>>> print(open('my_file_22.cif').read())   # mmCIF, C-alpha atoms
data_start
#
loop_
_atom_site.label_atom_id
_atom_site.label_comp_id
_atom_site.auth_asym_id
_atom_site.auth_seq_id
_atom_site.Cartn_x
_atom_site.Cartn_y
_atom_site.Cartn_z
CA GLY A 1 -44.67 29.27 -21.25
CA LEU A 2 -47.15 26.47 -20.58
CA HIS A 3 -45.83 23.98 -23.12
CA GLU A 4 -43.93 21.04 -21.64
CA THR A 5 -40.71 21.86 -23.54
CA THR A 6 -40.68 25.42 -22.20
CA ARG A 7 -41.38 24.24 -18.67
CA LEU A 8 -38.59 21.67 -18.87
CA VAL A 9 -35.98 24.24 -19.93
CA ALA A 10 -37.23 26.67 -17.27
CA GLU A 11 -36.77 23.90 -14.66
CA VAL A 12 -33.20 23.27 -15.84
CA LEU A 13 -32.43 26.99 -15.62
CA ALA A 14 -33.99 27.30 -12.17
CA ALA A 15 -31.90 24.38 -10.93
CA ARG A 16 -28.79 26.20 -12.14
CA GLY A 17 -29.70 29.70 -11.00
CA ASP A 18 -26.32 30.25 -9.35
CA GLU A 19 -24.63 29.49 -12.66
CA LEU A 20 -26.84 32.01 -14.50
CA ALA A 21 -26.19 34.85 -12.07
CA GLY A 22 -24.42 37.67 -13.89
CA SER A 23 -23.81 35.59 -17.03
CA ARG A 24 -24.65 35.90 -20.71
CA VAL A 25 -27.17 33.59 -22.37
CA LEU A 26 -27.92 32.80 -26.01
CA ASP A 27 -31.52 31.70 -26.73
CA VAL A 28 -31.70 30.12 -30.20
CA GLY A 29 -35.19 29.90 -31.69
CA CYS A 30 -36.51 32.22 -28.99
CA GLY A 31 -40.15 32.13 -30.12
CA SER A 32 -42.07 34.38 -27.73
CA GLY A 33 -38.98 34.98 -25.60
CA VAL A 34 -40.28 33.19 -22.50
CA LEU A 35 -37.02 31.34 -21.87
CA SER A 36 -35.01 34.52 -22.38
CA LEU A 37 -37.18 36.24 -19.78
CA VAL A 38 -36.82 33.29 -17.39
CA ALA A 39 -33.02 33.46 -17.72
CA LEU A 40 -33.08 37.21 -17.02
CA ALA A 41 -35.43 36.77 -14.05
CA LEU A 42 -33.06 34.13 -12.66
CA GLY A 43 -30.18 36.60 -12.76
CA ALA A 44 -28.56 36.42 -16.20
CA ALA A 45 -26.92 39.76 -16.94
CA THR A 46 -27.93 39.71 -20.61
CA VAL A 47 -29.64 37.46 -23.12
CA ARG A 48 -29.23 37.40 -26.87
CA ALA A 49 -32.46 35.96 -28.29
CA ILE A 50 -32.53 34.96 -31.95
CA ASP A 51 -35.17 33.49 -34.23
CA VAL A 52 -35.48 33.20 -38.00
CA ASP A 53 -39.12 34.30 -37.73
CA PRO A 54 -39.47 38.11 -37.67
CA ASP A 55 -42.84 37.81 -35.89
CA ALA A 56 -41.19 35.82 -33.08
CA VAL A 57 -38.52 38.50 -32.71
CA ALA A 58 -41.19 41.21 -32.50
CA VAL A 59 -43.13 39.24 -29.86
CA THR A 60 -39.93 38.65 -27.87
CA ARG A 61 -39.22 42.40 -27.88
CA GLU A 62 -42.79 43.17 -26.80
CA ASN A 63 -42.70 40.61 -23.98
CA ALA A 64 -39.35 41.93 -22.74
CA ALA A 65 -40.71 45.49 -22.71
CA ARG A 66 -43.87 44.39 -20.84
CA ASN A 67 -41.66 42.78 -18.19
CA ALA A 68 -39.22 45.72 -17.91
CA LEU A 69 -36.36 43.52 -19.20
CA ALA A 70 -35.79 45.05 -22.64
CA ALA A 71 -32.57 46.80 -21.58
CA ARG A 72 -30.90 43.44 -20.89
CA LEU A 73 -32.18 41.68 -24.02
CA ASP A 74 -30.70 41.80 -27.52
CA THR A 75 -32.95 40.16 -30.07
CA GLY A 76 -32.87 39.74 -33.83
CA GLU A 77 -33.16 37.48 -36.83
CA THR A 78 -29.49 36.52 -36.90
CA ALA A 79 -28.83 32.89 -37.80
CA VAL A 80 -26.96 31.02 -35.08
CA GLY A 81 -24.14 30.23 -37.53
CA ALA A 82 -23.59 33.96 -38.14
CA ILE A 83 -22.89 34.72 -34.49
CA ALA A 84 -19.22 35.07 -33.63
CA GLU A 85 -19.52 35.23 -29.84
CA THR A 86 -19.50 32.31 -27.45
CA TYR A 87 -21.68 32.05 -24.35
CA PRO A 88 -21.60 30.30 -20.97
CA THR A 89 -25.22 29.19 -21.45
CA VAL A 90 -27.01 28.36 -24.71
CA LEU A 91 -30.67 27.36 -24.99
CA ALA A 92 -32.49 25.88 -27.97
CA ASN A 93 -36.10 24.76 -27.70
CA ILE A 94 -36.65 23.62 -31.29
CA GLU A 95 -37.77 20.35 -32.83
CA ALA A 96 -35.21 17.53 -32.64
CA LYS A 97 -34.53 17.39 -36.40
CA THR A 98 -33.55 21.06 -36.39
CA LEU A 99 -31.42 20.63 -33.26
CA VAL A 100 -29.46 17.89 -35.03
CA GLU A 101 -29.02 20.09 -38.13
CA LEU A 102 -27.85 23.03 -36.00
CA ALA A 103 -25.50 20.97 -33.83
CA PRO A 104 -22.21 22.30 -35.30
CA ASP A 105 -23.39 25.92 -35.01
CA LEU A 106 -24.73 25.45 -31.48
CA ILE A 107 -21.53 23.75 -30.31
CA ALA A 108 -19.46 26.58 -31.85
CA ARG A 109 -21.34 29.11 -29.66
CA LEU A 110 -20.29 27.42 -26.39
CA GLU A 111 -17.51 28.73 -24.17
CA PRO A 112 -15.31 26.12 -22.47
CA GLY A 113 -17.37 24.67 -19.63
CA ALA A 114 -20.61 26.10 -21.06
CA LEU A 115 -24.06 24.64 -20.48
CA LEU A 116 -26.23 23.70 -23.48
CA VAL A 117 -29.92 23.01 -22.84
CA LEU A 118 -31.93 21.49 -25.67
CA SER A 119 -35.65 20.75 -25.79
CA GLY A 120 -38.28 19.97 -28.39
CA ILE A 121 -37.26 16.32 -28.26
CA LEU A 122 -40.01 13.72 -28.09
CA ALA A 123 -39.69 10.94 -25.51
CA PRO A 124 -38.59 7.51 -26.78
CA ALA A 125 -42.10 6.07 -26.31
CA VAL A 126 -43.35 8.57 -28.91
CA ALA A 127 -40.31 8.94 -31.20
CA PRO A 128 -37.88 6.09 -30.47
CA THR A 129 -34.80 7.59 -32.19
CA GLN A 130 -34.96 11.32 -31.38
CA LEU A 131 -32.98 11.24 -28.14
CA ASP A 132 -30.32 8.98 -29.68
CA ASP A 133 -30.10 11.24 -32.75
CA VAL A 134 -29.61 14.32 -30.56
CA ARG A 135 -27.04 12.61 -28.34
CA ARG A 136 -25.06 11.50 -31.43
CA ALA A 137 -25.15 15.00 -32.93
CA PHE A 138 -23.78 16.47 -29.68
CA ALA A 139 -21.38 13.62 -28.87
CA ALA A 140 -18.46 16.08 -28.59
CA LEU A 141 -20.10 17.42 -25.41
CA HIS A 142 -20.48 15.88 -21.96
CA PHE A 143 -24.02 14.57 -21.46
CA GLU A 144 -25.34 15.87 -18.12
CA ASP A 145 -29.04 15.31 -17.71
CA VAL A 146 -32.35 14.46 -19.31
CA ARG A 147 -35.73 15.52 -17.97
CA THR A 148 -39.10 14.31 -19.21
CA LEU A 149 -42.54 15.87 -18.93
CA GLY A 150 -45.44 14.28 -20.75
CA GLU A 151 -44.23 13.31 -24.22
CA TRP A 152 -41.32 15.77 -24.23
CA MET A 153 -37.71 15.87 -23.06
CA ALA A 154 -35.03 18.43 -22.30
CA VAL A 155 -31.39 17.38 -22.50
CA SER A 156 -28.44 19.19 -20.92
CA PHE A 157 -24.88 18.99 -22.17
CA ARG A 158 -21.64 20.60 -21.04
CA MET A 159 -18.82 21.82 -23.26
CA PRO A 160 -15.54 20.28 -22.13
CA GLY A 161 -13.05 22.73 -20.76
CA PRO A 162 -11.21 23.96 -17.70
CA GLU A 163 -14.30 25.67 -16.29
CA ARG A 164 -16.40 22.50 -16.29
CA ASP A 165 -15.82 21.55 -12.67
CA ALA A 166 -16.53 25.07 -11.42
CA ARG A 167 -19.87 25.16 -13.28
CA ALA A 168 -21.02 21.61 -12.64
CA PRO A 169 -24.32 21.29 -10.78
CA ARG A 170 -23.98 20.72 -7.07
#
>>> encode(input="my_file_22.cif", output="structure tokens")
Amino acid sequence: GLHETTRLVAEVLAARGDELAGSRVLDVGCGSGVLSLVALALGAATVRAIDVDPDAVAVTRENAARNALAARLDTGETAVGAIAETYPTVLANIEAKTLVELAPDLIARLEPGALLVLSGILAPAVAPTQLDDVRRAFAALHFEDVRTLGEWMAVSFRMPGPERDARAPR
């Protein structure tokens, strides 16, 4: 959880703790599961953590068990496009190129008014087009916020819908 991208997403989640309380979260590309555990610690009722790497899924399960959070975590190797459910919060801390490729599947997992937090995006000084590429890929969503730490960025979007105003940051 020390990498800048992980810290950025954790900061976004902490700033929206009231929104997470009692909700369901989808963590796409969960890696070690740190962000899933952060969401649960901040009050999410459940987290579905997915990764295409079976080793990452195993580590996520182990970390959840070590932190007594396994009962509230569902993890597996399901591709994001194969998930039928929608969620009020979706996280994806994956490199920018993959975020752009997954944009239609990530958007399809959002409930009306849902929060989408993306990281793994290099700052414009390092990779001049990454932020623009991500914003274009997610243009159907409302852009909310961008945070930078070192060479990395996290970007937050909101799915349009009737619940948007009720879930907007205060």
>>> resolve_selection(input="my_file_22.cif", expression="the PyMOL selection byres ((chain A and resi 97) around 10)", output="PyMOL selection string")
chain A and resi 94-96+98-102+120-121+130+133-134
>>> resolve_selection(input="my_file_22.cif", expression="the PyMOL selection byres ((chain A and resi 140) around 12)", output="MDAnalysis selection string")
chainID A and resid 103:104 106:108 110 134:139 141:143 157:161
>>> closest_residue(input="my_file_22.cif", among="A:Glu19, A:Asp105, A:Glu144, A:Glu62", to="Thr89 in chain A", atoms="all atoms listed in the file")
A:Glu19
>>> residues_around(input="my_file_22.cif", residues="Leu122 in chain A", least_positions_apart="3", cutoff="12 Å", atoms="all atoms listed in the file", output="list in words")
Glu4, Thr5, Asn93, Ile94, Glu95, Ala96, Lys97, Leu118, Ser119, Ala125, Val126, Ala127, Pro128, Thr129, Gln130, Leu131, Asp132, Asp133, Val134, Val146, Arg147, Thr148, Leu149, Gly150, Glu151, Trp152, Met153, Ala154 and Val155 of chain A
>>> resolve_selection(input="my_file_22.cif", expression="the PyMOL selection byres ((chain A and resi 41) around 10)", output="JSON, numbers by chain")
{"A": [14, 17, 20, 21, 35, 36, 37, 38, 39, 40, 42, 43, 44, 45, 67, 69]}
>>> residues_around(input="my_file_22.cif", residues="Tyr87 in chain A", least_positions_apart="3", cutoff="10 Å", atoms="only C-alpha atoms", output="ChimeraX atom specification")
/A:23-26,47-48,90,108-116
>>> atom_distance(input="my_file_22.cif", atom1="CA of Asn63 in chain A", atom2="CA of Gly31 in chain A")
10.8 Å
>>> atom_distance(input="my_file_22.cif", atom1="CA of Ala49 in chain A", atom2="CA of Leu8 in chain A")
18.2 Å
>>> atom_distance(input="my_file_22.cif", atom1="CA of Ala71 in chain A", atom2="CA of Gly22 in chain A")
14.5 Å
>>> closest_residue(input="my_file_22.cif", among="A:Val59, A:Leu73, A:Ala64, A:Ile50", to="Gly29 in chain A", atoms="all atoms listed in the file")
A:Ile50
